[in-house]
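*Asks:* Provided below: my_file21.pdb, containing PDB, C-alpha atoms.
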```
ATOM      1  CA  MET A   1     137.084 204.587  85.229
ATOM      2  CA  LYS A   2     134.729 204.636  82.285
ATOM      3  CA  ASN A   3     132.137 207.399  81.938
ATOM      4  CA  LYS A   4     128.734 205.754  82.269
ATOM      5  CA  LYS A   5     125.979 207.926  80.837
ATOM      6  CA  THR A   6     123.301 207.815  83.508
ATOM      7  CA  LEU A   7     119.674 208.878  83.640
ATOM      8  CA  VAL A   8     118.428 209.603  87.150
ATOM      9  CA  LEU A   9     114.656 209.110  87.381
ATOM     10  CA  GLY A  10     113.099 210.753  90.430
ATOM     11  CA  ALA A  11     115.646 213.579  90.742
ATOM     12  CA  SER A  12     115.179 216.223  93.434
ATOM     13  CA  THR A  13     116.786 219.490  94.510
ATOM     14  CA  LYS A  14     116.103 218.643  98.167
ATOM     15  CA  THR A  15     119.559 218.345  99.693
ATOM     16  CA  HIS A  16     118.497 215.796 102.332
ATOM     17  CA  LYS A  17     117.421 213.224  99.738
ATOM     18  CA  PRO A  18     119.819 210.454  98.661
ATOM     19  CA  VAL A  19     119.073 211.213  95.000
ATOM     20  CA  PHE A  20     120.560 214.707  95.446
ATOM     21  CA  LYS A  21     123.821 213.230  96.749
ATOM     22  CA  ALA A  22     123.775 210.569  94.023
ATOM     23  CA  ILE A  23     123.633 213.212  91.272
ATOM     24  CA  GLU A  24     126.442 215.166  92.942
ATOM     25  CA  MET A  25     128.595 212.063  93.241
ATOM     26  CA  LEU A  26     127.905 210.874  89.677
ATOM     27  CA  VAL A  27     129.066 214.273  88.385
ATOM     28  CA  GLU A  28     132.049 214.296  90.756
ATOM     29  CA  LYS A  29     133.133 210.868  89.473
ATOM     30  CA  GLY A  30     132.944 212.045  85.845
ATOM     31  CA  HIS A  31     129.746 210.393  84.631
ATOM     32  CA  SER A  32     127.432 212.129  82.153
ATOM     33  CA  VAL A  33     124.119 212.686  83.916
ATOM     34  CA  LEU A  34     120.579 213.395  82.750
ATOM     35  CA  ALA A  35     117.862 213.938  85.344
ATOM     36  CA  ILE A  36     114.074 213.787  85.389
ATOM     37  CA  GLY A  37     112.068 214.762  88.436
ATOM     38  CA  GLN A  38     108.705 216.047  89.552
ATOM     39  CA  ASN A  39     110.007 219.617  89.868
ATOM     40  CA  ALA A  40     112.438 221.505  87.664
ATOM     41  CA  GLY A  41     115.688 222.657  89.165
ATOM     42  CA  GLU A  42     119.399 222.018  89.110
ATOM     43  CA  VAL A  43     121.825 219.832  91.053
ATOM     44  CA  ALA A  44     125.602 219.989  90.526
ATOM     45  CA  GLY A  45     125.092 221.797  87.218
ATOM     46  CA  ILE A  46     122.636 219.149  85.968
ATOM     47  CA  LYS A  47     119.263 220.501  84.891
ATOM     48  CA  ILE A  48     116.297 218.488  86.203
ATOM     49  CA  ARG A  49     113.632 218.089  83.544
ATOM     50  CA  THR A  50     109.999 217.445  84.419
ATOM     51  CA  LYS A  51     109.111 215.476  81.290
ATOM     52  CA  ALA A  52     110.656 212.464  79.611
ATOM     53  CA  ILE A  53     113.400 213.543  77.237
ATOM     54  CA  PRO A  54     114.676 211.656  74.197
ATOM     55  CA  ILE A  55     117.679 209.592  75.238
ATOM     56  CA  LYS A  56     120.082 207.208  73.587
ATOM     57  CA  ASN A  57     123.324 205.459  74.457
ATOM     58  CA  ILE A  58     122.351 205.276  78.132
ATOM     59  CA  ASP A  59     124.462 202.936  80.208
ATOM     60  CA  THR A  60     122.486 203.120  83.465
ATOM     61  CA  ILE A  61     119.113 204.309  84.672
ATOM     62  CA  SER A  62     119.167 204.966  88.409
ATOM     63  CA  LEU A  63     115.639 204.811  89.831
ATOM     64  CA  TYR A  64     114.455 206.918  92.733
ATOM     65  CA  LEU A  65     110.718 206.424  92.119
ATOM     66  CA  ASN A  66     108.495 204.046  94.057
ATOM     67  CA  ALA A  67     106.929 201.133  92.157
ATOM     68  CA  LYS A  68     103.621 202.958  91.605
ATOM     69  CA  ASN A  69     105.327 205.991  90.074
ATOM     70  CA  GLN A  70     107.528 203.825  87.858
ATOM     71  CA  ARG A  71     104.551 202.584  85.809
ATOM     72  CA  ASP A  72     104.393 205.778  83.738
ATOM     73  CA  TYR A  73     107.996 205.147  82.682
ATOM     74  CA  TYR A  74     107.925 201.427  81.786
ATOM     75  CA  ASN A  75     107.884 201.979  77.998
ATOM     76  CA  TYR A  76     110.309 204.891  78.242
ATOM     77  CA  ILE A  77     112.834 202.773  80.154
ATOM     78  CA  VAL A  78     112.538 199.776  77.818
ATOM     79  CA  GLU A  79     112.769 201.950  74.683
ATOM     80  CA  ALA A  80     115.901 203.659  76.071
ATOM     81  CA  GLN A  81     117.588 200.218  76.092
ATOM     82  CA  PRO A  82     120.003 200.955  78.952
ATOM     83  CA  LYS A  83     122.550 198.295  79.859
ATOM     84  CA  ARG A  84     121.148 198.225  83.386
ATOM     85  CA  VAL A  85     118.602 199.743  85.752
ATOM     86  CA  VAL A  86     119.622 200.339  89.361
ATOM     87  CA  PHE A  87     116.723 199.947  91.787
ATOM     88  CA  ASN A  88     117.719 202.045  94.798
ATOM     89  CA  PRO A  89     116.292 201.249  98.266
ATOM     90  CA  GLY A  90     112.519 201.792  98.262
ATOM     91  CA  THR A  91     112.153 201.317  94.502
ATOM     92  CA  GLU A  92     111.936 197.512  94.407
ATOM     93  CA  ASN A  93     109.484 196.333  91.723
ATOM     94  CA  PRO A  94     109.321 192.657  90.632
ATOM     95  CA  GLU A  95     106.886 193.549  87.822
ATOM     96  CA  LEU A  96     109.436 195.908  86.242
ATOM     97  CA  TYR A  97     112.326 193.467  86.906
ATOM     98  CA  GLN A  98     110.508 190.908  84.761
ATOM     99  CA  LEU A  99     109.801 193.400  81.948
ATOM    100  CA  LEU A 100     113.431 194.511  81.883
ATOM    101  CA  GLU A 101     114.777 190.961  81.873
ATOM    102  CA  LEU A 102     112.456 190.086  78.967
ATOM    103  CA  ASN A 103     114.112 192.966  77.100
ATOM    104  CA  ASN A 104     117.676 191.913  77.999
ATOM    105  CA  ILE A 105     118.213 194.807  80.400
ATOM    106  CA  LYS A 106     120.178 194.011  83.560
ATOM    107  CA  VAL A 107     118.359 194.529  86.863
ATOM    108  CA  ASP A 108     120.576 195.752  89.699
ATOM    109  CA  VAL A 109     118.872 195.992  93.110
ATOM    110  CA  ALA A 110     121.455 198.152  94.815
ATOM    111  CA  CYS A 111     122.246 201.645  96.039
ATOM    112  CA  THR A 112     123.818 204.027  93.541
ATOM    113  CA  LEU A 113     125.633 205.837  96.375
ATOM    114  CA  THR A 114     127.132 202.604  97.693
ATOM    115  CA  LEU A 115     128.152 201.499  94.200
ATOM    116  CA  LEU A 116     129.899 204.838  93.638
ATOM    117  CA  VAL A 117     131.645 204.936  97.043
ATOM    118  CA  THR A 118     132.930 201.369  96.647
ATOM    119  CA  ASN A 119     133.996 201.931  92.998
ATOM    120  CA  GLN A 120     131.560 199.265  91.756
ATOM    121  CA  TYR A 121     129.531 201.641  89.599
TER
END
```
Take the structure from the file and write it as structure tokens.
*Replies:*
Amino acid sequence: MKNKKTLVLGASTKTHKPVFKAIEMLVEKGHSVLAIGQNAGEVAGIKIRTKAIPIKNIDTISLYLNAKNQRDYYNYIVEAQPKRVVFNPGTENPELYQLLELNNIKVDVACTLTLLVTNQY
């Protein structure tokens, strides 16, 4: 399996949230992970930043922000030029799909956890 450098947007240290498990599983499966969330903290040895950080060579951005909260990151996501953006359940956003497709970024409406468990990540 290839290491896919992944940025998790909407990271959380709350253990009951799917994003927490997603970060754990990404690390467990050997992917390089960066995380940005509302609150600083750490999950599976990954430091959660509270501000956008410079990124390059990102394979995947895994979104855990609702459509309204994604707006602040539109330019950041496009400028990062990931190969794909995974829209996890509850993050669906046709406006951002269109912007990404215009910039040749693949839109994947899926669940990061499911993709990892089924080895489709």
*Asks:* Can you give me, as a ChimeraX atom specification, the residues this file yields under the PyMOL selection byres ((chain A and resi 85) around 9)?
*Replies:* /A:59-63,77,82-84,86-87,97,100,105-109
*Asks:* Could you save those same residues with C-alpha atoms as a short mmCIF file (atom, residue, chain, number, x, y, z; two decimals), keeping the file's coordinate frame?
*Replies:*
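In the end it all went to again09.cif:
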```
data_model
loop_
_atom_site.label_atom_id
_atom_site.label_comp_id
_atom_site.auth_asym_id
_atom_site.auth_seq_id
_atom_site.Cartn_x
_atom_site.Cartn_y
_atom_site.Cartn_z
CA ASP A 59 124.46 202.94 80.21
CA THR A 60 122.49 203.12 83.46
CA ILE A 61 119.11 204.31 84.67
CA SER A 62 119.17 204.97 88.41
CA LEU A 63 115.64 204.81 89.83
CA ILE A 77 112.83 202.77 80.15
CA PRO A 82 120.00 200.96 78.95
CA LYS A 83 122.55 198.30 79.86
CA ARG A 84 121.15 198.22 83.39
CA VAL A 86 119.62 200.34 89.36
CA PHE A 87 116.72 199.95 91.79
CA TYR A 97 112.33 193.47 86.91
CA LEU A 100 113.43 194.51 81.88
CA ILE A 105 118.21 194.81 80.40
CA LYS A 106 120.18 194.01 83.56
CA VAL A 107 118.36 194.53 86.86
CA ASP A 108 120.58 195.75 89.70
CA VAL A 109 118.87 195.99 93.11
#
```
*Asks:* Around the point (115.7, 210.0, 87.0) (coordinates from the file), which residues reach within 6 Å if we count all atoms listed in the file? Answer as a ChimeraX atom specification.
*Replies:* /A:7-11,35-36,63
*Asks:* For C-alpha atoms, I'd like the residues from the last selection saved as a PDB file, in the frame of the given file.
*Replies:*
```pdb
ATOM      1  CA  LEU A   7     119.674 208.878  83.640  1.00  0.00           C
ATOM      2  CA  VAL A   8     118.428 209.603  87.150  1.00  0.00           C
ATOM      3  CA  LEU A   9     114.656 209.110  87.381  1.00  0.00           C
ATOM      4  CA  GLY A  10     113.099 210.753  90.430  1.00  0.00           C
ATOM      5  CA  ALA A  11     115.646 213.579  90.742  1.00  0.00           C
ATOM      6  CA  ALA A  35     117.862 213.938  85.344  1.00  0.00           C
ATOM      7  CA  ILE A  36     114.074 213.787  85.389  1.00  0.00           C
ATOM      8  CA  LEU A  63     115.639 204.811  89.831  1.00  0.00           C
TER       9      LEU A  63
END
```
*Asks:* Taking 3 positions as the minimum chain separation for residues in the same chain, which residues sit within 9 Å of Ile23 in chain A when counting all atoms listed in the file? Answer as a list in words.
*Replies:*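 My list of contacting residues is Val8, Ala11, Pro18, Val19, Phe20, Leu26, Val27, Glu28, Val33, Ala35, Val43, Ala44 and Ile46 of chain A.
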*Asks:* Write a file of the just-selected residues containing C-alpha atoms, as an mmCIF file, in the frame of the given file.
*Replies:*
```cif
data_model
loop_
_atom_site.group_PDB
_atom_site.id
_atom_site.type_symbol
_atom_site.label_atom_id
_atom_site.label_comp_id
_atom_site.auth_asym_id
_atom_site.auth_seq_id
_atom_site.Cartn_x
_atom_site.Cartn_y
_atom_site.Cartn_z
ATOM 1 C CA VAL A 8 118.428 209.603 87.150
ATOM 2 C CA ALA A 11 115.646 213.579 90.742
ATOM 3 C CA PRO A 18 119.819 210.454 98.661
ATOM 4 C CA VAL A 19 119.073 211.213 95.000
ATOM 5 C CA PHE A 20 120.560 214.707 95.446
ATOM 6 C CA LEU A 26 127.905 210.874 89.677
ATOM 7 C CA VAL A 27 129.066 214.273 88.385
ATOM 8 C CA GLU A 28 132.049 214.296 90.756
ATOM 9 C CA VAL A 33 124.119 212.686 83.916
ATOM 10 C CA ALA A 35 117.862 213.938 85.344
ATOM 11 C CA VAL A 43 121.825 219.832 91.053
ATOM 12 C CA ALA A 44 125.602 219.989 90.526
ATOM 13 C CA ILE A 46 122.636 219.149 85.968
#
```
*Asks:* Which residue out of A:Ala67, A:Met25, A:Leu34, A:Ile48 has the minimum interatomic distance to Leu96 in chain A when all atoms listed in the file are used?
*Replies:*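 Answer, going by the shortest atom-to-atom distance: A:Ala67.
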*Asks:* Around all the atoms of range 75-92 of chain A listed in the file, with 6 Å of room on each side, what axis-aligned box do you get, giving centre and edge lengths in Å to one decimal, as JSON?
*Replies:*
```
{"center_x": 115.2, "center_y": 201.2, "center_z": 86.5, "size_x": 26.7, "size_y": 19.4, "size_z": 35.6}
```
*Asks:* Got a sec to resolve the PyMOL selection byres ((chain A and resi 57) around 8) on this structure and send the residues as a PyMOL selection string?
*Replies:* chain A and resi 5+55-56+58-59+80-82
*Asks:* Which value, in Å to one decimal, gives the distance between CA of Asp72 in chain A and CA of Pro89 in chain A?
*Replies:*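 Calculated distance between CA of Asp72 in chain A and CA of Pro89 in chain A is 19.3 Å.
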*Asks:* Nearest residue to Asn93 in chain A out of A:Val117, A:Leu65, A:Ala22, A:Ile53, using all atoms listed in the file?
*Replies:*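 Smallest distance to Asn93 in chain A is found for A:Leu65.
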*Asks:* Can you tell me how far CA of Lys14 in chain A sits from CA of Tyr74 in chain A, in Å to one decimal?
*Replies:*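 Separation of CA of Lys14 in chain A and CA of Tyr74 in chain A: 25.1 Å.
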